[in-house]
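Undergrad: Structure below; questions to follow.
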Amino acid sequence: MSHHLDTPLAAQSGQLYIDDLFVFDGERGTVFVMDVNSSITGADIKRGFQTESRYEFKVHFDGHEMEDLTYRVSFGDADGDGRQPMTLHALTGAEARDDAATGTVLLEGTTGDTASAGGLRLWAGRIRDPFFIDLDQLATVNDAFKNGAKLDRSSWRPENAKNSFAGTTVESIVLEVGKGDGTLPDDSRIGVWCRTMLATDAGGWRQINRAGHPMMWPIFWPTDTDFSDPANVRHPCDDLRADGEGIASTVARVVAANGTAPDATAYGWSVARAVYPDLLTYRMGTPANYGFAERNGRTMLDNAPEVMFSLVLNTGLTSGLTADVTRDARSDTFPYVVPA
């Protein structure tokens, strides 16, 4: 999760701020899901997708520093029913890293309907949010990180946990790339991130927000209410250089205060190297699981807050919730999400 939280800018421009990224094995191949524009920011949010923006899935192969494949989705003006035309481009090789490149059109369609060709399927629209967390628990973790202090477990109990996102909705883009597709070779080991881009007055494009691992912004940059943190616009290849020390020292202070690591500094750096570069890694064709023992893609059932809280605190920490609380927001068949 990147920017689910209630902030003035998110309420104004939620279409550009990413809530979640999922990567998993679907009915026909590898599935990429990007969620934006959470209704938790207010009932008067602007619906649909930004027409002057690009929504991109960036794919790195076999641990490469730079992406060699970009799937770019763009949207046109809504009709009287709120449905928007949508177009999927693929950019490969050097073009995948070139904001000025146009790539190849793979699919065209309309939000709310499935567009398909060959092994590709694309769907976009408003859905029930499958993400789950109790924000009261997040507040206790934020307090510990802010102050480099011992986690106060007295103010929140797992048996009282509630899903703060119950009844909320997001805009979702779901892309499934079928097995045997030429742009995404079978059995690849990939690293995935997603981003939103906004057209500039000068005719170029500006990166607004990005996401890889879940819970990065809520844990490490909870006060970034105006989205001015450099992490928003960085490329993942610069993460460790630019902010490895920041992540490592923040984690070290907390684990030292909680006595959960014999060498707090070393543990802090192990976390920095685990989350940077900020990519979801996935072995195509395998069961995805963002868990304690393995982080291989991410499904909508994975308890990302529980995993991330336990990682950064170096101790098992239950969220008090399971994926059962959002069972009505998931489907076993394409597009795997539930329209709202």
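In the structure tokens, chains take letters A, B, ... by order of appearance, with residues numbered from 1 within each chain and ligands from 1 in the order shown.
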For Thr326 (chain A), work out the shell of residues within 8 Å, counting only C-alpha atoms and skipping chain neighbours fewer than 3 positions away, then give it as a list in words.

TA: Asp129, Pro130, Phe131, Phe132, Ala166, Ala323, Ala329 and Arg330 of chain A

Undergrad: Could you save the residues just selected, with N, CA and C atoms, as a short mmCIF file (atom, residue, chain, number, x, y, z; two decimals), in the first residue's frame?

TA:
```cif
data_model
loop_
_atom_site.label_atom_id
_atom_site.label_comp_id
_atom_site.auth_asym_id
_atom_site.auth_seq_id
_atom_site.Cartn_x
_atom_site.Cartn_y
_atom_site.Cartn_z
N ASP A 129 -12.39 -2.70 -2.33
CA ASP A 129 -10.96 -2.76 -2.00
C ASP A 129 -10.65 -4.06 -1.26
N PRO A 130 -9.73 -4.90 -1.81
CA PRO A 130 -9.38 -6.15 -1.15
C PRO A 130 -8.35 -6.00 -0.04
N PHE A 131 -7.80 -4.78 0.14
CA PHE A 131 -6.78 -4.57 1.16
C PHE A 131 -7.43 -4.52 2.54
N PHE A 132 -6.71 -5.02 3.57
CA PHE A 132 -7.26 -5.00 4.92
C PHE A 132 -6.18 -4.66 5.94
N ALA A 166 -13.10 -1.59 5.39
CA ALA A 166 -14.37 -2.25 5.07
C ALA A 166 -15.30 -1.26 4.38
N ALA A 323 -7.62 -12.81 5.67
CA ALA A 323 -8.19 -12.46 4.37
C ALA A 323 -9.68 -12.72 4.31
N ALA A 329 -14.45 -9.32 -1.79
CA ALA A 329 -13.76 -8.38 -2.70
C ALA A 329 -12.81 -9.10 -3.64
N ARG A 330 -12.89 -10.44 -3.69
CA ARG A 330 -11.99 -11.22 -4.54
C ARG A 330 -12.78 -12.24 -5.35
#
```

Undergrad: Which residue out of A:Gly246, A:Asn163, A:Phe292, A:Cys194 has the minimum interatomic distance to Leu280 (chain A) when only C-alpha atoms are used?

TA: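 When distances to Leu280 (chain A) are compared using only C-alpha atoms, the smallest one comes from A:Cys194.
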
Undergrad: Which neighbours of Thr114 (chain A) fall inside 10 Å, counting only C-alpha atoms, when residues of the same chain fewer than 5 positions from it are skipped, and could you give them as a list in words?

TA: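 Final neighbour list, sorted by chain and number: Glu108, Gly109, Arg121, Leu122, Trp123, Ala124, Val174, Leu175, Phe334 and Pro335 of chain A.
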
Undergrad: Find the residues around Glu52 (chain A) up to 8 Å (only C-alpha atoms counted), leave out those fewer than 2 positions away in its own chain, and share them as a ChimeraX atom specification.

TA: /A:50,54,75,198-199

Undergrad: Could the residues in this selection be saved with N, CA, C and O atoms as an mmCIF file, in the first residue's frame?

TA:
```cif
data_model
loop_
_atom_site.group_PDB
_atom_site.id
_atom_site.type_symbol
_atom_site.label_atom_id
_atom_site.label_comp_id
_atom_site.auth_asym_id
_atom_site.auth_seq_id
_atom_site.Cartn_x
_atom_site.Cartn_y
_atom_site.Cartn_z
ATOM 1 N N GLN A 50 -7.341 9.293 -14.429
ATOM 2 C CA GLN A 50 -6.887 10.576 -14.951
ATOM 3 C C GLN A 50 -6.586 10.459 -16.443
ATOM 4 O O GLN A 50 -5.858 9.575 -16.865
ATOM 5 N N ARG A 54 -0.506 8.437 -17.289
ATOM 6 C CA ARG A 54 -0.186 7.080 -17.696
ATOM 7 C C ARG A 54 -0.085 6.226 -16.432
ATOM 8 O O ARG A 54 0.411 6.673 -15.401
ATOM 9 N N PHE A 75 -6.047 6.328 -20.490
ATOM 10 C CA PHE A 75 -7.510 6.419 -20.511
ATOM 11 C C PHE A 75 -7.957 7.720 -21.162
ATOM 12 O O PHE A 75 -7.282 8.749 -21.064
ATOM 13 N N LEU A 198 2.257 11.936 -15.069
ATOM 14 C CA LEU A 198 1.375 13.038 -15.421
ATOM 15 C C LEU A 198 2.023 13.874 -16.519
ATOM 16 O O LEU A 198 3.222 14.176 -16.451
ATOM 17 N N ALA A 199 1.240 14.245 -17.520
ATOM 18 C CA ALA A 199 1.749 15.087 -18.599
ATOM 19 C C ALA A 199 2.127 16.457 -18.064
ATOM 20 O O ALA A 199 1.434 17.025 -17.212
#
```

Undergrad: Using Å and a single decimal, report how far CA of Ile208 (chain A) sits from CA of Leu69 (chain A).

TA: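 Atom-to-atom, CA of Leu69 (chain A) and CA of Ile208 (chain A) are spaced 19.6 Å apart.
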
Undergrad: Please provide as a list in words all residues within 7 Å of region 36-40 of chain A, with the sequence filter that same-chain residues fewer than 3 positions apart are discarded (counting only C-alpha atoms).

TA: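 Selected residues are His4, Asp6, Gly14, Gln15, Leu16, Tyr17, Ile18, Asp19, Ala43, Ile45, Thr168, Thr169, Val170, Glu171 and Ser172 of chain A.
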
Undergrad: Store the residues of this selection in a file with N, CA, C and O atoms, as a short mmCIF file (atom, residue, chain, number, x, y, z; two decimals), in the first residue's frame.

TA:
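The file below, part_10.cif, is the result:
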```cif
data_model
loop_
_atom_site.label_atom_id
_atom_site.label_comp_id
_atom_site.auth_asym_id
_atom_site.auth_seq_id
_atom_site.Cartn_x
_atom_site.Cartn_y
_atom_site.Cartn_z
N HIS A 4 -3.05 4.99 0.74
CA HIS A 4 -4.44 4.80 1.11
C HIS A 4 -4.91 5.93 2.03
O HIS A 4 -6.09 6.20 2.12
N ASP A 6 -5.82 9.15 4.50
CA ASP A 6 -6.63 10.35 4.29
C ASP A 6 -5.77 11.59 4.38
O ASP A 6 -5.39 12.02 5.46
N GLY A 14 -6.44 11.62 -5.97
CA GLY A 14 -6.32 10.19 -5.67
C GLY A 14 -6.14 9.33 -6.90
O GLY A 14 -5.61 8.22 -6.81
N GLN A 15 -6.54 9.81 -8.06
CA GLN A 15 -6.38 9.04 -9.29
C GLN A 15 -4.91 8.79 -9.62
O GLN A 15 -4.59 7.88 -10.39
N LEU A 16 -4.01 9.58 -9.05
CA LEU A 16 -2.59 9.46 -9.36
C LEU A 16 -1.82 8.71 -8.28
O LEU A 16 -0.64 8.41 -8.47
N TYR A 17 -2.45 8.41 -7.16
CA TYR A 17 -1.73 7.82 -6.04
C TYR A 17 -2.09 6.36 -5.85
O TYR A 17 -3.26 5.99 -5.75
N ILE A 18 -1.06 5.54 -5.80
CA ILE A 18 -1.19 4.09 -5.85
C ILE A 18 -1.47 3.54 -4.46
O ILE A 18 -0.79 3.88 -3.49
N ASP A 19 -2.48 2.68 -4.38
CA ASP A 19 -2.83 2.04 -3.12
C ASP A 19 -2.18 0.67 -2.98
O ASP A 19 -1.72 0.32 -1.91
N ALA A 43 -15.89 10.82 0.32
CA ALA A 43 -16.97 10.36 -0.54
C ALA A 43 -17.05 11.16 -1.83
O ALA A 43 -17.67 10.73 -2.81
N ILE A 45 -14.60 11.98 -3.90
CA ILE A 45 -13.45 11.79 -4.78
C ILE A 45 -13.90 11.80 -6.23
O ILE A 45 -15.04 11.47 -6.55
N THR A 168 -14.87 0.25 1.56
CA THR A 168 -14.23 1.25 0.69
C THR A 168 -14.01 0.67 -0.71
O THR A 168 -14.07 -0.54 -0.92
N THR A 169 -13.73 1.57 -1.65
CA THR A 169 -13.52 1.17 -3.03
C THR A 169 -12.26 1.82 -3.58
O THR A 169 -11.77 2.81 -3.03
N VAL A 170 -11.75 1.27 -4.67
CA VAL A 170 -10.59 1.80 -5.38
C VAL A 170 -10.82 1.62 -6.88
O VAL A 170 -11.66 0.82 -7.30
N GLU A 171 -10.06 2.36 -7.68
CA GLU A 171 -10.00 2.11 -9.12
C GLU A 171 -8.91 1.07 -9.35
O GLU A 171 -7.82 1.18 -8.79
N SER A 172 -9.18 0.08 -10.16
CA SER A 172 -8.23 -1.02 -10.36
C SER A 172 -7.94 -1.24 -11.84
O SER A 172 -8.83 -1.12 -12.68
#
```

Undergrad: Identify, on the basis of only C-alpha atoms, every residue whose closest approach to region 222-235 of chain A does not exceed 7 Å; exclude the query and any residue fewer than 3 positions from it along the same chain; express the result as a list in words.

TA: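 So, after excluding close chain neighbours, the residues are Thr7, Leu9, Gln207, Ile208, Asn209, Arg210, Trp217, Pro218, Ile219 and Asp238 of chain A.
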
Undergrad: Just to be explicit: take each residue in the selection above, keep C-alpha atoms, and write the result as a PDB file, in the first residue's frame.

TA:
```
ATOM      1  CA  THR A   7      -4.660  13.419   3.200  1.00  0.00           C
ATOM      2  CA  LEU A   9      -3.686  15.939  -1.681  1.00  0.00           C
ATOM      3  CA  GLN A 207       6.527  10.566 -12.362  1.00  0.00           C
ATOM      4  CA  ILE A 208       4.026  11.223  -9.557  1.00  0.00           C
ATOM      5  CA  ASN A 209       3.993   8.052  -7.502  1.00  0.00           C
ATOM      6  CA  ARG A 210       5.290   4.491  -7.535  1.00  0.00           C
ATOM      7  CA  TRP A 217       4.743   4.696   2.770  1.00  0.00           C
ATOM      8  CA  PRO A 218       2.615   3.985   5.869  1.00  0.00           C
ATOM      9  CA  ILE A 219       5.623   2.647   7.770  1.00  0.00           C
ATOM     10  CA  ASP A 238      18.631   4.519  -6.895  1.00  0.00           C
TER      11      ASP A 238
END
```

Undergrad: Using backbone DSSP assignments, extract all strand (DSSP E) residues from region 11-248 of chain A; output them as a PyMOL selection string.

TA: chain A and resi 18-25+29-36+53-61+69-75+85-92+104-110+115-117+120-128+169-178+189-199+205-211

Undergrad: Counting only C-alpha atoms, what is within 7 Å of Gly103 (chain A), bar same-chain residues fewer than 3 positions away, as a ChimeraX atom specification?

TA: /A:89-91,95

Undergrad: Compare A:Arg126, A:His64, A:Lys150, A:Arg157 by their minimum atom-to-atom distance to Gly259 (chain A), counting only C-alpha atoms, and give me the closest one.

TA: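 Checking each of A:Arg126, A:His64, A:Lys150, A:Arg157 against Gly259 (chain A), counting only C-alpha atoms, the winner is A:Lys150.
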
Undergrad: In Å, how far is it from CA of Thr315 (chain A) to CA of Leu240 (chain A)?

TA: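 Spanning CA of Thr315 (chain A) to CA of Leu240 (chain A) is a straight-line distance of 23.6 Å.
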